[in-house]
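Some notes on the structure that comes next.
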Amino acid sequence: KLVPTEEVTKNLKTGDNIFRFNASDTKKRIKTSSPIIEDVAIYRGIPNALKIVILEKKPVIVWISGGKFYLVDESGIVDKEIGAAEYPELIRVTDQKNITIKIGDQIVSSQFIDFISNINSKFFESTNIKIVGYQIQETTFDLYVSTEAGFYVKFDISRPYDKQLTDLKNILVNYRDNIREYVDVRINGWVY
């Protein structure tokens with residue numbers, strides 16, 4: 001789905017006898033040609049056929065930086081630059097510092113990916129408020145979640161997401177009318 005056929009076939013040496021075809025070297029070349037490729041399997045077919053199966057990494061978020069859009073997999077690695085309208089079903093995170101991104105770089109931790117995935121799936125259930133966006137300001141340890149209610153929530157990805165959501169829920173129940181700009185649940189036992 002994500003790796004073009006041409007990217008795979010450019011790594012093939014053709015014209016050799018099927019029995020002399022070096023599958024392990026070809027597999028290494030294909031695997032290193034794109035960070036989106038997780039694994040490769042090559043099957044020989046007699047008399048002159050090859051079947052190449054590509055296992056792609058699963059994109060989890062779209063990272064937006066400097067007006068460009070990038071697919072990021074579950075390990076936090078940038079796999080591919082994409083168009084703005086592609087993959088609308090994925091979580092979109094806007095980097096406010098607009099850092100320079102290179103394909104193959106690890107820009108966030110797998111802990112960040114897990115945290116944002118959990119927040120994305122549990123936020124509405126806990127608050128009855130929809131999320132309209134995610135931002136990173138200075139560091140990937142802090143996640144800012146914009147809501148349709150007009151305020152944003154500051155989360156700390158190094159703390160358990162469920163505790164922070166519980167704190168947020170309690171504040172919304174007791175002080176919802178006093179919230180103007182944001183709710184900060186990053187410090188354990190305190191909410192600002």
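FYI, nothing fancy with the structure tokens labels: chains A, B, ... in order, residues from 1 per chain, ligands from 1 as they appear.
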
When DSSP works through the backbone of this structure, what residues of chain A end up as strand (DSSP E or B), shown as a count of residues only? 62

Taking a cut-off of 12 Å and counting only C-alpha atoms, can you build a table that, for each residue of segment 19-130 of chain A near segment 166-171 of chain A, reports the nearest atom pair and how far apart they are in Å (one decimal), sorted by chain then residue number, as a tab-separated table?
residue	atom	partner	partner_atom	distance
A:Ile119	CA	A:Thr166	CA	11.6
A:Lys122	CA	A:Thr166	CA	10.7
A:Phe123	CA	A:Lys169	CA	9.5
A:Phe124	CA	A:Lys169	CA	10.4
A:Glu125	CA	A:Lys169	CA	10.0
A:Ser126	CA	A:Lys169	CA	6.3
A:Thr127	CA	A:Lys169	CA	5.7
A:Asn128	CA	A:Lys169	CA	9.3
A:Ile129	CA	A:Lys169	CA	10.4

What's the 10 Å shell around Arg29 of chain A, counting only C-alpha atoms, without same-chain residues fewer than 3 positions away, as a PDB file with N, CA, C and O atoms, in the first residue's frame?
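Okay, this is what ended up in around_3.pdb:
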ATOM      1  N   VAL A   8      10.651  -1.448  -5.088  1.00  0.00           N
ATOM      2  CA  VAL A   8      11.061  -2.829  -4.834  1.00  0.00           C
ATOM      3  C   VAL A   8      11.836  -3.375  -6.026  1.00  0.00           C
ATOM      4  O   VAL A   8      12.922  -3.946  -5.874  1.00  0.00           O
ATOM      5  N   LYS A  10      13.559  -1.937  -8.345  1.00  0.00           N
ATOM      6  CA  LYS A  10      14.867  -1.335  -8.639  1.00  0.00           C
ATOM      7  C   LYS A  10      15.992  -2.040  -7.882  1.00  0.00           C
ATOM      8  O   LYS A  10      17.158  -1.897  -8.223  1.00  0.00           O
ATOM      9  N   ASN A  11      15.646  -2.815  -6.867  1.00  0.00           N
ATOM     10  CA  ASN A  11      16.635  -3.549  -6.080  1.00  0.00           C
ATOM     11  C   ASN A  11      16.849  -4.980  -6.562  1.00  0.00           C
ATOM     12  O   ASN A  11      17.551  -5.752  -5.912  1.00  0.00           O
ATOM     13  N   LEU A  12      16.231  -5.349  -7.684  1.00  0.00           N
ATOM     14  CA  LEU A  12      16.368  -6.705  -8.223  1.00  0.00           C
ATOM     15  C   LEU A  12      17.434  -6.758  -9.308  1.00  0.00           C
ATOM     16  O   LEU A  12      17.514  -5.864 -10.149  1.00  0.00           O
ATOM     17  N   ALA A  23      18.766 -14.419  -2.838  1.00  0.00           N
ATOM     18  CA  ALA A  23      17.581 -13.894  -2.159  1.00  0.00           C
ATOM     19  C   ALA A  23      17.934 -13.089  -0.917  1.00  0.00           C
ATOM     20  O   ALA A  23      17.309 -12.062  -0.633  1.00  0.00           O
ATOM     21  N   SER A  24      18.944 -13.512  -0.168  1.00  0.00           N
ATOM     22  CA  SER A  24      19.270 -12.809   1.083  1.00  0.00           C
ATOM     23  C   SER A  24      19.829 -11.415   0.812  1.00  0.00           C
ATOM     24  O   SER A  24      19.474 -10.455   1.498  1.00  0.00           O
ATOM     25  N   ASP A  25      20.695 -11.260  -0.206  1.00  0.00           N
ATOM     26  CA  ASP A  25      21.202  -9.930  -0.555  1.00  0.00           C
ATOM     27  C   ASP A  25      20.083  -9.028  -1.062  1.00  0.00           C
ATOM     28  O   ASP A  25      20.008  -7.844  -0.722  1.00  0.00           O
ATOM     29  N   THR A  26      19.227  -9.593  -1.887  1.00  0.00           N
ATOM     30  CA  THR A  26      18.108  -8.819  -2.424  1.00  0.00           C
ATOM     31  C   THR A  26      17.172  -8.382  -1.301  1.00  0.00           C
ATOM     32  O   THR A  26      16.709  -7.239  -1.272  1.00  0.00           O
ATOM     33  N   THR A  32      16.392  -2.138   3.245  1.00  0.00           N
ATOM     34  CA  THR A  32      17.055  -0.874   3.571  1.00  0.00           C
ATOM     35  C   THR A  32      16.684   0.262   2.620  1.00  0.00           C
ATOM     36  O   THR A  32      17.045   1.409   2.868  1.00  0.00           O
ATOM     37  N   SER A  33      15.953  -0.030   1.566  1.00  0.00           N
ATOM     38  CA  SER A  33      15.592   1.016   0.602  1.00  0.00           C
ATOM     39  C   SER A  33      14.512   1.958   1.114  1.00  0.00           C
ATOM     40  O   SER A  33      14.376   3.065   0.600  1.00  0.00           O
ATOM     41  N   SER A  34      13.746   1.540   2.110  1.00  0.00           N
ATOM     42  CA  SER A  34      12.671   2.379   2.621  1.00  0.00           C
ATOM     43  C   SER A  34      12.436   2.087   4.096  1.00  0.00           C
ATOM     44  O   SER A  34      12.325   0.926   4.486  1.00  0.00           O
ATOM     45  N   VAL A  40      10.710  -8.472   4.554  1.00  0.00           N
ATOM     46  CA  VAL A  40      10.591  -8.898   3.161  1.00  0.00           C
ATOM     47  C   VAL A  40      10.697 -10.415   3.110  1.00  0.00           C
ATOM     48  O   VAL A  40      11.531 -11.008   3.794  1.00  0.00           O
TER      49      VAL A  40
END

Please identify all polymer residues within 6 Å of segment 54-61 of chain A, counting only C-alpha atoms, omitting same-chain residues fewer than 5 positions from it, and present them as a ChimeraX atom specification. /A:36-40,71-74,90-92

Go ahead and write the selection's residues with C-alpha atoms as a CSV table (one decimal), in the first residue's frame.
chain,number,residue,atom,x,y,z
A,36,ILE,CA,8.5,1.9,5.9
A,37,ILE,CA,9.4,-1.7,5.0
A,38,GLU,CA,9.4,-3.9,8.2
A,39,ASP,CA,10.2,-7.2,6.5
A,40,VAL,CA,10.6,-8.9,3.2
A,71,LEU,CA,3.6,9.3,8.3
A,72,VAL,CA,5.0,8.1,11.7
A,73,ASP,CA,4.8,4.4,12.7
A,74,GLU,CA,4.2,2.8,16.1
A,90,LEU,CA,-4.9,9.0,11.5
A,91,ILE,CA,-4.2,11.2,14.5
A,92,ARG,CA,-2.6,14.5,13.4

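The shell of residues at most 9 Å from Ser146 of chain A, with only C-alpha atoms counted and near chain neighbours (fewer than 6 positions) removed, consists of Lys130, Ile131, Val132, Gly133, Tyr134, Gln135, Tyr152, Val153 and Tyr182 of chain A.
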